file entry_9.tsv (TSV, N, CA and C atoms)
chain	number	residue	atom	x	y	z
A	241	MET	N	12.64	6.13	12.11
A	241	MET	CA	12.50	4.71	11.83
A	241	MET	C	13.30	4.39	10.57
A	242	SER	N	14.13	3.36	10.62
A	242	SER	CA	14.95	2.98	9.47
A	242	SER	C	14.12	2.24	8.43
A	243	LEU	N	14.67	2.11	7.23
A	243	LEU	CA	13.99	1.37	6.17
A	243	LEU	C	13.77	-0.08	6.61
A	244	PHE	N	14.77	-0.67	7.28
A	244	PHE	CA	14.64	-2.05	7.76
A	244	PHE	C	13.43	-2.17	8.68
A	245	ASP	N	13.30	-1.22	9.63
A	245	ASP	CA	12.17	-1.26	10.55
A	245	ASP	C	10.85	-1.11	9.83
A	246	LYS	N	10.82	-0.27	8.81
A	246	LYS	CA	9.59	-0.09	8.05
A	246	LYS	C	9.22	-1.37	7.32
A	247	VAL	N	10.21	-2.03	6.72
A	247	VAL	CA	9.95	-3.26	5.96
A	247	VAL	C	9.51	-4.38	6.89
A	248	PHE	N	10.18	-4.52	8.01
A	248	PHE	CA	9.89	-5.64	8.89
A	248	PHE	C	8.99	-5.28	10.07
A	249	ASN	N	8.53	-4.02	10.11
A	249	ASN	CA	7.49	-3.56	11.04
A	249	ASN	C	7.80	-3.83	12.51
A	250	LYS	N	9.02	-3.55	12.92
A	250	LYS	CA	9.41	-3.80	14.30
A	250	LYS	C	8.65	-2.94	15.30
A	251	GLY	N	8.23	-1.73	14.92
A	251	GLY	CA	7.60	-0.83	15.86
A	251	GLY	C	6.08	-0.89	15.85
A	252	ASN	N	5.49	-1.68	15.02
A	252	ASN	CA	4.03	-1.70	14.91
A	252	ASN	C	3.39	-2.40	16.09
A	253	LYS	N	2.20	-1.94	16.45
A	253	LYS	CA	1.44	-2.55	17.54
A	253	LYS	C	0.54	-3.64	16.97
A	254	LYS	N	0.02	-4.45	17.85
A	254	LYS	CA	-0.90	-5.50	17.44
A	254	LYS	C	-2.13	-4.89	16.78
A	255	SER	N	-2.61	-5.58	15.79
A	255	SER	CA	-3.82	-5.14	15.09
A	255	SER	C	-5.01	-5.16	16.03
A	256	PRO	N	-5.94	-4.19	15.89
A	256	PRO	CA	-7.14	-4.19	16.74
A	256	PRO	C	-8.18	-5.24	16.32
A	257	ASP	N	-7.94	-5.94	15.22
A	257	ASP	CA	-8.87	-6.96	14.73
A	257	ASP	C	-8.91	-8.13	15.71
A	258	PRO	N	-10.05	-8.38	16.38
A	258	PRO	CA	-10.12	-9.45	17.38
A	258	PRO	C	-9.96	-10.85	16.79
A	259	GLU	N	-10.20	-11.01	15.50
A	259	GLU	CA	-10.07	-12.31	14.86
A	259	GLU	C	-8.62	-12.63	14.49
A	260	TYR	N	-7.80	-11.60	14.33
A	260	TYR	CA	-6.41	-11.77	13.92
A	260	TYR	C	-5.59	-12.22	15.13
A	261	PRO	N	-5.00	-13.42	15.10
A	261	PRO	CA	-4.40	-14.00	16.31
A	261	PRO	C	-2.94	-13.64	16.59
A	262	PHE	N	-2.27	-13.01	15.66
A	262	PHE	CA	-0.84	-12.74	15.82
A	262	PHE	C	-0.58	-11.44	16.58
A	263	ALA	N	0.46	-11.41	17.38
A	263	ALA	CA	0.89	-10.19	18.06
A	263	ALA	C	1.59	-9.25	17.08
A	264	ASP	N	2.15	-9.80	16.03
A	264	ASP	CA	2.84	-9.00	15.01
A	264	ASP	C	1.82	-8.26	14.15
A	265	ALA	N	2.26	-7.16	13.58
A	265	ALA	CA	1.39	-6.34	12.73
A	265	ALA	C	0.93	-7.12	11.51
A	266	LYS	N	-0.26	-6.79	11.04
A	266	LYS	CA	-0.80	-7.45	9.86
A	266	LYS	C	0.11	-7.30	8.65
A	267	ASN	N	0.76	-6.16	8.54
A	267	ASN	CA	1.59	-5.91	7.36
A	267	ASN	C	3.05	-6.33	7.55
A	268	MET	N	3.33	-7.12	8.59
A	268	MET	CA	4.68	-7.64	8.78
A	268	MET	C	5.06	-8.52	7.60
A	269	ALA	N	6.25	-8.32	7.06
A	269	ALA	CA	6.72	-9.14	5.95
A	269	ALA	C	7.03	-10.56	6.41
A	270	THR	N	6.60	-11.53	5.62
A	270	THR	CA	6.89	-12.94	5.90
A	270	THR	C	7.42	-13.58	4.62
A	271	ILE	N	8.06	-14.70	4.79
A	271	ILE	CA	8.55	-15.46	3.65
A	271	ILE	C	7.63	-16.66	3.46
A	272	THR	N	7.24	-16.87	2.23
A	272	THR	CA	6.47	-18.06	1.88
A	272	THR	C	6.95	-18.51	0.50
A	273	CYS	N	6.25	-19.45	-0.07
A	273	CYS	CA	6.65	-19.94	-1.39
A	273	CYS	C	5.45	-19.89	-2.34
A	274	ARG	N	5.76	-19.89	-3.61
A	274	ARG	CA	4.70	-19.85	-4.63
A	274	ARG	C	3.84	-21.10	-4.57
A	275	HIS	N	4.42	-22.21	-4.07
A	275	HIS	CA	3.64	-23.46	-3.95
A	275	HIS	C	2.43	-23.24	-3.05
A	276	VAL	N	2.62	-22.48	-1.97
A	276	VAL	CA	1.53	-22.19	-1.04
A	276	VAL	C	0.59	-21.15	-1.62
A	277	MET	N	1.14	-20.03	-2.06
A	277	MET	CA	0.30	-18.90	-2.46
A	277	MET	C	-0.30	-19.03	-3.85
A	278	LYS	N	0.38	-19.69	-4.75
A	278	LYS	CA	-0.10	-19.78	-6.13
A	278	LYS	C	-0.62	-21.17	-6.51
A	279	ASP	N	0.03	-22.21	-5.97
A	279	ASP	CA	-0.33	-23.58	-6.34
A	279	ASP	C	-1.25	-24.25	-5.32
A	280	ASP	N	-1.63	-23.54	-4.28
A	280	ASP	CA	-2.55	-24.03	-3.25
A	280	ASP	C	-2.07	-25.27	-2.50
A	281	LYS	N	-0.75	-25.40	-2.33
A	281	LYS	CA	-0.26	-26.46	-1.46
A	281	LYS	C	-0.43	-26.01	-0.02
A	282	PRO	N	-0.64	-26.92	0.90
A	282	PRO	CA	-0.83	-26.53	2.30
A	282	PRO	C	0.48	-26.08	2.96
A	283	ILE	N	0.34	-25.25	3.96
A	283	ILE	CA	1.49	-24.87	4.79
A	283	ILE	C	1.75	-26.02	5.74
A	284	LEU	N	2.93	-26.61	5.62
A	284	LEU	CA	3.29	-27.76	6.46
A	284	LEU	C	4.51	-27.49	7.33
A	285	TYR	N	5.19	-26.38	7.10
A	285	TYR	CA	6.40	-26.02	7.84
A	285	TYR	C	6.36	-24.53	8.15
A	286	VAL	N	6.50	-24.18	9.42
A	286	VAL	CA	6.52	-22.78	9.84
A	286	VAL	C	7.73	-22.56	10.73
A	287	SER	N	8.41	-21.46	10.49
A	287	SER	CA	9.55	-21.08	11.31
A	287	SER	C	9.32	-19.67	11.84
A	288	HIS	N	9.62	-19.46	13.12
A	288	HIS	CA	9.57	-18.13	13.73
A	288	HIS	C	11.00	-17.84	14.16
A	289	ASP	N	11.72	-17.15	13.30
A	289	ASP	CA	13.16	-16.98	13.43
A	289	ASP	C	13.57	-16.18	14.65
A	290	ALA	N	14.56	-16.71	15.38
A	290	ALA	CA	15.04	-16.07	16.60
A	290	ALA	C	15.83	-14.80	16.33
A	291	ASP	N	16.54	-14.75	15.23
A	291	ASP	CA	17.43	-13.61	14.99
A	291	ASP	C	16.70	-12.34	14.58
A	292	ASP	N	15.60	-12.44	13.85
A	292	ASP	CA	14.92	-11.23	13.38
A	292	ASP	C	13.40	-11.26	13.59
A	293	GLY	N	12.87	-12.33	14.16
A	293	GLY	CA	11.44	-12.42	14.43
A	293	GLY	C	10.59	-12.70	13.21
A	294	MET	N	11.21	-12.94	12.08
A	294	MET	CA	10.46	-13.16	10.85
A	294	MET	C	9.80	-14.54	10.86
A	295	TRP	N	8.63	-14.58	10.26
A	295	TRP	CA	7.90	-15.84	10.08
A	295	TRP	C	8.17	-16.37	8.68
A	296	GLN	N	8.26	-17.71	8.56
A	296	GLN	CA	8.35	-18.37	7.27
A	296	GLN	C	7.24	-19.42	7.23
A	297	PHE	N	6.47	-19.42	6.14
A	297	PHE	CA	5.36	-20.35	5.97
A	297	PHE	C	5.58	-21.11	4.66
A	298	LEU	N	5.98	-22.37	4.77
A	298	LEU	CA	6.40	-23.13	3.60
A	298	LEU	C	5.61	-24.43	3.46
A	299	CYS	N	5.67	-24.99	2.27
A	299	CYS	CA	4.92	-26.21	1.96
A	299	CYS	C	5.66	-27.49	2.37
A	300	GLY	N	6.94	-27.39	2.64
A	300	GLY	CA	7.70	-28.56	3.03
A	300	GLY	C	8.43	-29.22	1.87
A	301	ASP	N	8.21	-28.75	0.64
A	301	ASP	CA	8.91	-29.28	-0.53
A	301	ASP	C	10.27	-28.59	-0.70
A	302	THR	N	11.01	-29.03	-1.67
A	302	THR	CA	12.27	-28.40	-2.04
A	302	THR	C	11.97	-27.11	-2.79
A	303	HIS	N	12.79	-26.08	-2.53
A	303	HIS	CA	12.55	-24.78	-3.15
A	303	HIS	C	13.78	-24.26	-3.88
A	304	GLU	N	13.52	-23.50	-4.92
A	304	GLU	CA	14.54	-22.74	-5.63
A	304	GLU	C	14.35	-21.28	-5.24
A	305	ASN	N	15.34	-20.43	-5.49
A	305	ASN	CA	15.22	-19.02	-5.15
A	305	ASN	C	13.99	-18.37	-5.76
A	306	GLU	N	13.67	-18.74	-6.98
A	306	GLU	CA	12.53	-18.12	-7.66
A	306	GLU	C	11.18	-18.55	-7.09
A	307	ASP	N	11.16	-19.54	-6.20
A	307	ASP	CA	9.92	-19.97	-5.55
A	307	ASP	C	9.55	-19.07	-4.37
A	308	ALA	N	10.50	-18.29	-3.87
A	308	ALA	CA	10.28	-17.47	-2.68
A	308	ALA	C	9.35	-16.30	-2.97
A	309	MET	N	8.53	-15.97	-1.97
A	309	MET	CA	7.63	-14.82	-2.05
A	309	MET	C	7.69	-14.08	-0.72
A	310	LEU	N	7.60	-12.76	-0.78
A	310	LEU	CA	7.53	-11.92	0.40
A	310	LEU	C	6.11	-11.37	0.47
A	311	VAL	N	5.35	-11.78	1.47
A	311	VAL	CA	3.95	-11.37	1.60
A	311	VAL	C	3.68	-10.97	3.05
A	312	SER	N	2.59	-10.25	3.27
A	312	SER	CA	2.24	-9.82	4.62
A	312	SER	C	1.75	-11.01	5.45
A	313	LEU	N	1.94	-10.89	6.74
A	313	LEU	CA	1.46	-11.92	7.66
A	313	LEU	C	-0.05	-12.09	7.54
A	314	HIS	N	-0.75	-11.01	7.39
A	314	HIS	CA	-2.21	-11.07	7.26
A	314	HIS	C	-2.62	-11.82	5.99
A	315	GLU	N	-1.90	-11.61	4.90
A	315	GLU	CA	-2.21	-12.30	3.65
A	315	GLU	C	-2.05	-13.81	3.82
A	316	VAL	N	-0.98	-14.22	4.49
A	316	VAL	CA	-0.79	-15.66	4.75
A	316	VAL	C	-1.90	-16.18	5.65
A	317	TYR	N	-2.24	-15.43	6.69
A	317	TYR	CA	-3.31	-15.84	7.60
A	317	TYR	C	-4.64	-16.00	6.86
A	318	LEU	N	-4.97	-15.05	6.00
A	318	LEU	CA	-6.22	-15.15	5.23
A	318	LEU	C	-6.19	-16.34	4.27
A	319	HIS	N	-5.02	-16.67	3.77
A	319	HIS	CA	-4.87	-17.80	2.85
A	319	HIS	C	-5.07	-19.13	3.57
A	320	ASP	N	-4.61	-19.21	4.84
A	320	ASP	CA	-4.72	-20.45	5.60
A	320	ASP	C	-4.89	-20.11	7.08
A	321	THR	N	-6.12	-20.02	7.53
A	321	THR	CA	-6.39	-19.63	8.91
A	321	THR	C	-6.01	-20.71	9.93
A	322	THR	N	-5.64	-21.91	9.48
A	322	THR	CA	-5.23	-22.94	10.43
A	322	THR	C	-3.91	-22.59	11.12
A	323	ILE	N	-3.19	-21.60	10.59
A	323	ILE	CA	-1.95	-21.18	11.25
A	323	ILE	C	-2.23	-20.41	12.54
A	324	SER	N	-3.49	-20.07	12.79
A	324	SER	CA	-3.83	-19.34	14.02
A	324	SER	C	-3.45	-20.14	15.27
A	325	SER	N	-3.45	-21.46	15.17
A	325	SER	CA	-3.13	-22.28	16.35
A	325	SER	C	-1.66	-22.20	16.74
A	326	ILE	N	-0.80	-21.64	15.89
A	326	ILE	CA	0.61	-21.47	16.26
A	326	ILE	C	0.99	-19.98	16.30
A	327	ALA	N	0.02	-19.12	16.37
A	327	ALA	CA	0.26	-17.67	16.35
A	327	ALA	C	1.11	-17.20	17.53
A	328	THR	N	1.09	-17.93	18.63
A	328	THR	CA	1.88	-17.53	19.80
A	328	THR	C	3.18	-18.33	19.92
A	329	MET	N	3.55	-19.01	18.86
A	329	MET	CA	4.79	-19.80	18.88
A	329	MET	C	5.98	-18.88	19.15
A	330	PRO	N	6.80	-19.21	20.14
A	330	PRO	CA	7.94	-18.36	20.49
A	330	PRO	C	9.00	-18.29	19.39
A	331	LEU	N	9.83	-17.28	19.49
A	331	LEU	CA	10.97	-17.14	18.59
A	331	LEU	C	11.88	-18.36	18.71
A	332	GLY	N	12.51	-18.73	17.62
A	332	GLY	CA	13.46	-19.84	17.63
A	332	GLY	C	12.81	-21.21	17.57
A	333	ARG	N	11.54	-21.26	17.22
A	333	ARG	CA	10.83	-22.54	17.11
A	333	ARG	C	10.39	-22.77	15.68
A	334	ILE	N	10.16	-24.05	15.38
A	334	ILE	CA	9.55	-24.42	14.11
A	334	ILE	C	8.34	-25.30	14.41
A	335	ALA	N	7.40	-25.31	13.50
A	335	ALA	CA	6.22	-26.16	13.62
A	335	ALA	C	6.07	-26.93	12.32
A	336	GLU	N	5.75	-28.20	12.45
A	336	GLU	CA	5.55	-29.05	11.27
A	336	GLU	C	4.29	-29.87	11.47
A	337	ARG	N	3.70	-30.25	10.35
A	337	ARG	CA	2.55	-31.16	10.37
A	337	ARG	C	2.56	-31.98	9.09
A	338	LYS	N	1.90	-33.13	9.12
A	338	LYS	CA	1.88	-34.03	7.96
A	338	LYS	C	0.97	-33.51	6.85
A	339	ASP	N	-0.17	-32.96	7.26
A	339	ASP	CA	-1.13	-32.42	6.30
A	339	ASP	C	-1.96	-31.37	7.01
A	340	ILE	N	-2.88	-30.76	6.31
A	340	ILE	CA	-3.66	-29.66	6.88
A	340	ILE	C	-4.58	-30.10	8.01
A	341	TYR	N	-4.86	-31.38	8.10
A	341	TYR	CA	-5.74	-31.91	9.14
A	341	TYR	C	-4.99	-32.37	10.39
A	342	SER	N	-3.68	-32.45	10.31
A	342	SER	CA	-2.85	-32.91	11.43
A	342	SER	C	-2.53	-31.76	12.37
A	343	ALA	N	-2.25	-32.12	13.62
A	343	ALA	CA	-1.85	-31.13	14.62
A	343	ALA	C	-0.41	-30.68	14.35
A	344	TRP	N	-0.14	-29.44	14.68
A	344	TRP	CA	1.22	-28.92	14.57
A	344	TRP	C	2.10	-29.53	15.65
A	345	LYS	N	3.33	-29.89	15.30
A	345	LYS	CA	4.33	-30.34	16.26
A	345	LYS	C	5.39	-29.25	16.32
A	346	VAL	N	5.48	-28.59	17.47
A	346	VAL	CA	6.39	-27.47	17.65
A	346	VAL	C	7.64	-27.96	18.37
A	347	ARG	N	8.79	-27.51	17.89
A	347	ARG	CA	10.05	-27.86	18.52
A	347	ARG	C	11.05	-26.73	18.34
A	348	ARG	N	12.11	-26.81	19.13
A	348	ARG	CA	13.19	-25.82	18.98
A	348	ARG	C	13.89	-26.05	17.66
A	349	ARG	N	14.37	-24.99	17.13
A	349	ARG	CA	15.10	-25.07	15.87
A	349	ARG	C	16.44	-25.72	16.08

call {"tool": "encode", "arguments": {"input": "entry_9.tsv", "output": "structure tokens"}}
result
Amino acid sequence: MSLFDKVFNKGNKKSPDPEYPFADAKNMATITCRHVMKDDKPILYVSHDADDGMWQFLCGDTHENEDAMLVSLHEVYLHDTTISSIATMPLGRIAERKDIYSAWKVRRR
């Protein structure tokens, strides 16, 4: 297994946790921002990238490079379990919502 595969967990199986809704491993690396993880802003924009399968969970604001964070998918899920409703979102799609109480609108990238 290459370092890339280890970092992005391409070979991992789904977690046995019945509450965890994602097919990807709990320790899969995801991109998020400090606004979500540190400043408690809601996740309003999610991308499931077609090229590498990576998830991005962002607040929808403007970001600088120093705002980026690499965290596990499980950590993001525990931070905001409302993302469970888009856990099966296909590759190459994005989901957006107005606020944490609004429904996700999924569309092609």

call {"tool": "closest_residue", "arguments": {"input": "entry_9.tsv", "among": "A:Gln296, A:Ser342, A:Thr272, A:Ile283", "to": "Ile323 of chain A", "atoms": "only C-alpha atoms"}}
result
A:Ile283

call {"tool": "atom_distance", "arguments": {"input": "entry_9.tsv", "atom1": "atom CA of Ala265 of chain A", "atom2": "atom CA of Phe297 of chain A"}}
result
16.1 Å

call {"tool": "residues_near_point", "arguments": {"input": "entry_9.tsv", "point": "(3.5, -17.8, 14.6)", "cutoff": "7 Å", "atoms": "all atoms listed in the file", "output": "ChimeraX atom specification"}}
result
/A:262,287-288,295,323,326-330

call {"tool": "select_by_dssp", "arguments": {"input": "entry_9.tsv", "residues": "chain A", "states": "helix (DSSP H, G or I)", "output": "mmCIF file with N, CA and C atoms, keeping the file's coordinate frame"}}
result
data_model
loop_
_atom_site.group_PDB
_atom_site.id
_atom_site.type_symbol
_atom_site.label_atom_id
_atom_site.label_comp_id
_atom_site.auth_asym_id
_atom_site.auth_seq_id
_atom_site.Cartn_x
_atom_site.Cartn_y
_atom_site.Cartn_z
ATOM 1 N N LEU A 243 14.670 2.110 7.230
ATOM 2 C CA LEU A 243 13.990 1.370 6.170
ATOM 3 C C LEU A 243 13.770 -0.080 6.610
ATOM 4 N N PHE A 244 14.770 -0.670 7.280
ATOM 5 C CA PHE A 244 14.640 -2.050 7.760
ATOM 6 C C PHE A 244 13.430 -2.170 8.680
ATOM 7 N N ASP A 245 13.300 -1.220 9.630
ATOM 8 C CA ASP A 245 12.170 -1.260 10.550
ATOM 9 C C ASP A 245 10.850 -1.110 9.830
ATOM 10 N N LYS A 246 10.820 -0.270 8.810
ATOM 11 C CA LYS A 246 9.590 -0.090 8.050
ATOM 12 C C LYS A 246 9.220 -1.370 7.320
ATOM 13 N N VAL A 247 10.210 -2.030 6.720
ATOM 14 C CA VAL A 247 9.950 -3.260 5.960
ATOM 15 C C VAL A 247 9.510 -4.380 6.890
ATOM 16 N N PHE A 248 10.180 -4.520 8.010
ATOM 17 C CA PHE A 248 9.890 -5.640 8.890
ATOM 18 C C PHE A 248 8.990 -5.280 10.070
ATOM 19 N N ARG A 274 5.760 -19.890 -3.610
ATOM 20 C CA ARG A 274 4.700 -19.850 -4.630
ATOM 21 C C ARG A 274 3.840 -21.100 -4.570
ATOM 22 N N HIS A 275 4.420 -22.210 -4.070
ATOM 23 C CA HIS A 275 3.640 -23.460 -3.950
ATOM 24 C C HIS A 275 2.430 -23.240 -3.050
ATOM 25 N N VAL A 276 2.620 -22.480 -1.970
ATOM 26 C CA VAL A 276 1.530 -22.190 -1.040
ATOM 27 C C VAL A 276 0.590 -21.150 -1.620
ATOM 28 N N MET A 277 1.140 -20.030 -2.060
ATOM 29 C CA MET A 277 0.300 -18.900 -2.460
ATOM 30 C C MET A 277 -0.300 -19.030 -3.850
ATOM 31 N N ASN A 305 15.340 -20.430 -5.490
ATOM 32 C CA ASN A 305 15.220 -19.020 -5.150
ATOM 33 C C ASN A 305 13.990 -18.370 -5.760
ATOM 34 N N GLU A 306 13.670 -18.740 -6.980
ATOM 35 C CA GLU A 306 12.530 -18.120 -7.660
ATOM 36 C C GLU A 306 11.180 -18.550 -7.090
ATOM 37 N N ASP A 307 11.160 -19.540 -6.200
ATOM 38 C CA ASP A 307 9.920 -19.970 -5.550
ATOM 39 C C ASP A 307 9.550 -19.070 -4.370
ATOM 40 N N LEU A 313 1.940 -10.890 6.740
ATOM 41 C CA LEU A 313 1.460 -11.920 7.660
ATOM 42 C C LEU A 313 -0.050 -12.090 7.540
ATOM 43 N N HIS A 314 -0.750 -11.010 7.390
ATOM 44 C CA HIS A 314 -2.210 -11.070 7.260
ATOM 45 C C HIS A 314 -2.620 -11.820 5.990
ATOM 46 N N GLU A 315 -1.900 -11.610 4.900
ATOM 47 C CA GLU A 315 -2.210 -12.300 3.650
ATOM 48 C C GLU A 315 -2.050 -13.810 3.820
ATOM 49 N N VAL A 316 -0.980 -14.220 4.490
ATOM 50 C CA VAL A 316 -0.790 -15.660 4.750
ATOM 51 C C VAL A 316 -1.900 -16.180 5.650
ATOM 52 N N TYR A 317 -2.240 -15.430 6.690
ATOM 53 C CA TYR A 317 -3.310 -15.840 7.600
ATOM 54 C C TYR A 317 -4.640 -16.000 6.860
ATOM 55 N N LEU A 318 -4.970 -15.050 6.000
ATOM 56 C CA LEU A 318 -6.220 -15.150 5.230
ATOM 57 C C LEU A 318 -6.190 -16.340 4.270
ATOM 58 N N HIS A 319 -5.020 -16.670 3.770
ATOM 59 C CA HIS A 319 -4.870 -17.800 2.850
ATOM 60 C C HIS A 319 -5.070 -19.130 3.570
ATOM 61 N N THR A 321 -6.120 -20.020 7.530
ATOM 62 C CA THR A 321 -6.390 -19.630 8.910
ATOM 63 C C THR A 321 -6.010 -20.710 9.930
ATOM 64 N N THR A 322 -5.640 -21.910 9.480
ATOM 65 C CA THR A 322 -5.230 -22.940 10.430
ATOM 66 C C THR A 322 -3.910 -22.590 11.120
ATOM 67 N N ILE A 323 -3.190 -21.600 10.590
ATOM 68 C CA ILE A 323 -1.950 -21.180 11.250
ATOM 69 C C ILE A 323 -2.230 -20.410 12.540
ATOM 70 N N SER A 324 -3.490 -20.070 12.790
ATOM 71 C CA SER A 324 -3.830 -19.340 14.020
ATOM 72 C C SER A 324 -3.450 -20.140 15.270
ATOM 73 N N SER A 325 -3.450 -21.460 15.170
ATOM 74 C CA SER A 325 -3.130 -22.280 16.350
ATOM 75 C C SER A 325 -1.660 -22.200 16.740
ATOM 76 N N ILE A 326 -0.800 -21.640 15.890
ATOM 77 C CA ILE A 326 0.610 -21.470 16.260
ATOM 78 C C ILE A 326 0.990 -19.980 16.300
#

call {"tool": "residues_around", "arguments": {"input": "entry_9.tsv", "residues": "Leu284 of chain A", "least_positions_apart": "5", "cutoff": "6 Å", "atoms": "all atoms listed in the file", "output": "number ranges by chain"}}
result
A: 298-300, 335-337

call {"tool": "atom_distance", "arguments": {"input": "entry_9.tsv", "atom1": "atom CA of Ser312 of chain A", "atom2": "atom CA of Thr270 of chain A"}}
result
5.7 Å

call {"tool": "closest_residue", "arguments": {"input": "entry_9.tsv", "among": "A:Gly332, A:Lys338, A:Met268, A:His314", "to": "Asp291 of chain A", "atoms": "all atoms listed in the file"}}
result
A:Gly332

call {"tool": "atom_distance", "arguments": {"input": "entry_9.tsv", "atom1": "atom CA of Lys281 of chain A", "atom2": "atom N of Leu313 of chain A"}}
result
17.7 Å

call {"tool": "select_by_dssp", "arguments": {"input": "entry_9.tsv", "residues": "segment 275-345 of chain A", "states": "strand (DSSP E or B)", "output": "PyMOL selection string"}}
result
chain A and resi 285-288+295-298+308-312+333-336+345

call {"tool": "closest_residue", "arguments": {"input": "entry_9.tsv", "among": "A:Pro282, A:Asp301, A:Thr321, A:Asp307", "to": "Asp339 of chain A", "atoms": "only C-alpha atoms"}}
result
A:Pro282

call {"tool": "closest_residue", "arguments": {"input": "entry_9.tsv", "among": "A:Val286, A:Ile271, A:Ile340, A:Val276", "to": "Val311 of chain A", "atoms": "only N, CA and C atoms"}}
result
A:Ile271

call {"tool": "residues_around", "arguments": {"input": "entry_9.tsv", "residues": "Pro261 of chain A", "least_positions_apart": "2", "cutoff": "6 Å", "atoms": "only N, CA and C atoms", "output": "list in words"}}
result
Pro258, Glu259, Ala263, Ser324 and Ala327 of chain A

call {"tool": "write_last_selection", "arguments": {"input": "entry_9.tsv", "atoms": "N, CA and C atoms", "output": "PDB file, in the frame of the given file"}}
result
ATOM      1  N   PRO A 258     -10.050  -8.380  16.380  1.00  0.00           N
ATOM      2  CA  PRO A 258     -10.120  -9.450  17.380  1.00  0.00           C
ATOM      3  C   PRO A 258      -9.960 -10.850  16.790  1.00  0.00           C
ATOM      4  N   GLU A 259     -10.200 -11.010  15.500  1.00  0.00           N
ATOM      5  CA  GLU A 259     -10.070 -12.310  14.860  1.00  0.00           C
ATOM      6  C   GLU A 259      -8.620 -12.630  14.490  1.00  0.00           C
ATOM      7  N   ALA A 263       0.460 -11.410  17.380  1.00  0.00           N
ATOM      8  CA  ALA A 263       0.890 -10.190  18.060  1.00  0.00           C
ATOM      9  C   ALA A 263       1.590  -9.250  17.080  1.00  0.00           C
ATOM     10  N   SER A 324      -3.490 -20.070  12.790  1.00  0.00           N
ATOM     11  CA  SER A 324      -3.830 -19.340  14.020  1.00  0.00           C
ATOM     12  C   SER A 324      -3.450 -20.140  15.270  1.00  0.00           C
ATOM     13  N   ALA A 327       0.020 -19.120  16.370  1.00  0.00           N
ATOM     14  CA  ALA A 327       0.260 -17.670  16.350  1.00  0.00           C
ATOM     15  C   ALA A 327       1.110 -17.200  17.530  1.00  0.00           C
TER      16      ALA A 327
END

call {"tool": "closest_residue", "arguments": {"input": "entry_9.tsv", "among": "A:Asp280, A:Arg333, A:Cys273, A:Ala290", "to": "Ala308 of chain A", "atoms": "all atoms listed in the file"}}
result
A:Cys273

call {"tool": "closest_residue", "arguments": {"input": "entry_9.tsv", "among": "A:Trp344, A:Ala269, A:Thr322, A:Tyr260", "to": "Gly293 of chain A", "atoms": "only C-alpha atoms"}}
result
A:Ala269
